[in-house]
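Only one structure is covered here, and it is reproduced in the block below.
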Amino acid sequence: MLTLIPFVPANNDTIPADLYQVARDAWCSQLTTLLDNTSDDDFLHAIQENSSLHDFVSAVLNAQMDGHSVDREVSKRVFFIFYRASQLKAKGGALLTIDRLSSFAVSYQEANPEQVRTIFAALLKADPRLEDAVRSSFTALLGCLTTLQSSDDINPDHDQRVYVVVRLLEALTSACIDTAPHEGIIDALFQCYPTLKRKNDSGPTLYLIKRALVNILNYVVDCLYLDPIRYAKDSNVIDEFSKRLLGWIEKSQLDTTYHAFIDGPLVMDWQIECSVSNTLGDINKEYFNGDEDRIEFLQLSMEQVRDMNTASETWKDKLQRQRQRKLQSTASSISAEPSLEEVAKISQIQDLFPDLGQEFVKACLLEYNGDVETVIMQLLEDNLPPKLAEMGRSLADLPRETVDQSDSAKKSILEGRRNIFDNDEFDLLSDNVKVDLSKMHIGKKSRGTTESLLNDKSFIQEEKANVIQRVYDMYDDEYDDTYDGINEAPGTVGMDDEDDSAVDKVKGSKKKQPAAEDPGVVFESTLIHTYVDNRDVFNRSSAVRRSKARAELRRITGMSDEQLEGWAIMLDRSPRRQRILDKYMLFDGQQEKVDGKSLKEAQHKQLQEKRAAGQDETKQRAYKDKNKARFGNHNRKRGHDKKMQKAGVMGNS
């Protein structure tokens with residue numbers, strides 16, 4: 001049976017670094033053998049009977065829960081032990097107890113919640129006793145929450161114990177969401193949350209406790225309400241969720257402003273942490289096309305809850321900044337892995353020079369300010385500086401002094417001067433004049449010589465990539481000219497009548513030029529006959545557009561493919577379609593004569609007559625408008641005369 005070396009965290013000062021590396025390699029090798037080179041029966045026997053494996057897994061899980069540094073490869077292999085056990089439907093054993101599974105959920109739930117949920121579902125299905133143990137754990141944890149007492153005093157020990165309870169409850173709720181007692185969890189959350197109110201910010205522990213409780217509420221609401229609304233679109237579920245959410249808001253008594261995660265209610269902290277209003281808006285837009293008024297009302301209600309928060313910054317932002325500073329300090333250390341940009345540059349160079357080592361390429365990039373083209377050119381010309389030329393090209397580890405220093409850093413500040421007055425008799429910094437350099441204000445750090453700045457093409461390359469991306473995004477979709485020319489009115493614009501003089505009196509007025517005639521009107525007969533004889537000519541396909549019939553139709557009418565297809569679509573949709581077709585039933589052929597003229601000439605004449613009639617009507621209307629006052633006076637005089645005649649007074653006729 002495989003015997004594993006006992007696990008020790010990496011930050012143990014009693015173990016030398018080289019000895020710890022040997023132990024780490026042994027752990028990885030033994031766990032790999034257990035996972036890859038062991039049969040299913042032997043693996044199941046190991047997780048049930050191998051006590052060294054049980055102790056090792058427990059030590060790794062406890063170290064991760066306590067925040068100690070655990071090697072990534074070791075942690076990954078421990079995770080795969082539970083994954084393989086779930087695949088084999090393992091039952092019982094000293095490894096698959098509720099205690100170790102709870103530790104496993106706490107350690108891996110935040111990083112990989114979906115896989116942890118899958119592992120728990122398989123193990124609980126395979127062993128009903130394990131499911132009963134999970135239910136008992138939920139009962140005990142919820143009982144602990146209901147016994148919390150309200151206190152404004154800051155007690156770190158009390159807060160730490162509460163955090164352990166809620167952290168375990170959060171992990172189990174996420175891993176066993178289908179088994180969890182949903183209603184009991186919601187009631188316990190709203191019962192215990194008011195006891196966690198503080199007048200002042202008491203540090204990150206209170207935020208971590210409340211964040212865990214908020215995440216528990218979010219898991220339960222997703223399972224009970226949001227997922228059925230997303231996928232089943234059940235109207236009854238929407239009504240039930242509306243009733244529950246509005247009830248929670250009403251019980252929160254948001255009659256004044258609060259500080260989130262300090263003295264705010266659970267509903268407010270849930271909105272601040274999980275952006276519930278945005279989630280509801282996305283559900284309404286994606287699954288209901290934005291037409292579900294009940295979800296929109298809930299979204300507006302949660303936005304009002306968010307507006308009652310007056311905290312400018314929470315511990316979430318502070319913890320994120322601390323994590324970023326830690327990552328930056330780790331990245332700046334000599335042993336840090338290269339960034340994605342550096343990896344891309346190194347891969348680009350190694351594609352051309354496969355025999356070069358990664359650290360040698362990194363040193364070349366450091367020497368030439370990360371310019372890949374310059375490094376490739378220097379390598380092709382074999383014109384490297386002496387420092388790089390003396391290095392091994394298959395270098396596996398880059399020395400610290402190579403990374404920290406370069407020729408420009410070793411040079412004195414005075415050696416980089418570029419001035420016409422250097423070393424003249426008034427130069428205080430020349431060799432023959434002794435100056436106390438410690439009392440000098442050096443100023444900003446030099447960015448290099450003029451030659452290096454001019455040779456730096458990084459900004460140009462970056463802007464070129466941005467321009468290319470913008471052009472690609474601009475022409476990614478096919479150009480749609482459906483609404484081109486929508487403001488261009490067909491027909492003749494303006495009128496030439498007897499009132500042109502009145503228009504000319506307006507200062508700066510200009511006559512509008514007549515617009516071009518609509519080809520759909522001019523060649524209506526040709527289009528109609530083609531439509532009746534061969535409807536397929538107007539189909540929207542590349543094959544039809546290349547056909548001879550379409551080319552001939554384009555030549556006759558002068559219309560583009562989009563105009564021809566649009567004309568046919570509008571004819572299909574027009575309520576006057578049958579009347580238009582009946583209008584041309586008298587003309588069976590396109591070459592028939594109408595009163596000795598061709599059909600096109602007859603249509604053109606008919607169009608001109610319609611326009612002339614319209615112009616006559618326009619002239620009459622303009623004439624009446626111009627003489628409105630004269631006609632009005634005349635009518636009033638006639639009415640006055642009629643009244644006088646009825647009264648017996650003879651007036652002027």
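Each chain in the structure tokens gets a letter, A, B, ..., in the order shown, and its residues are numbered from 1; ligands are numbered from 1 in order too.
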Q) Excluding same-chain residues fewer than 2 positions from segment 257-272 of chain A, what lies within 8 Å of it counting only C-alpha atoms, as a ChimeraX atom specification? A) /A:190,193-194,196-201,206-207,210,214-215,217-218,248-249,252,254-255,274-277,302,305-306,308-311,314
**Q.** From A:Ala90, A:Ala121, A:Val70, A:Leu34, residue lying nearest Asn11 of chain A [only C-alpha atoms]
**A.** A:Val70
Residues of segment 46-66 of chain A that have any atom at most 8 Å from an atom of segment 102-113 of chain A: could you tabulate them with the shortest-distance atom pair and the distance in Å to one decimal, using only C-alpha atoms, ordered by chain and increasing number, as a Markdown table?
```
| residue | atom | partner | partner_atom | distance |
| --- | --- | --- | --- | --- |
| A:Leu61 | CA | A:Ser103 | CA | 6.1 |
| A:Asn62 | CA | A:Ser103 | CA | 7.2 |
| A:Gln64 | CA | A:Ser107 | CA | 6.0 |
| A:Met65 | CA | A:Ser107 | CA | 5.8 |
```
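Note that atom CA of Glu73 of chain A and atom CA of Cys28 of chain A are 6.9 Å apart.
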Q. What's the 12 Å shell around segment 76-83 of chain A, counting only C-alpha atoms, without same-chain residues fewer than 4 positions away, as a count of residues only?
A. 57
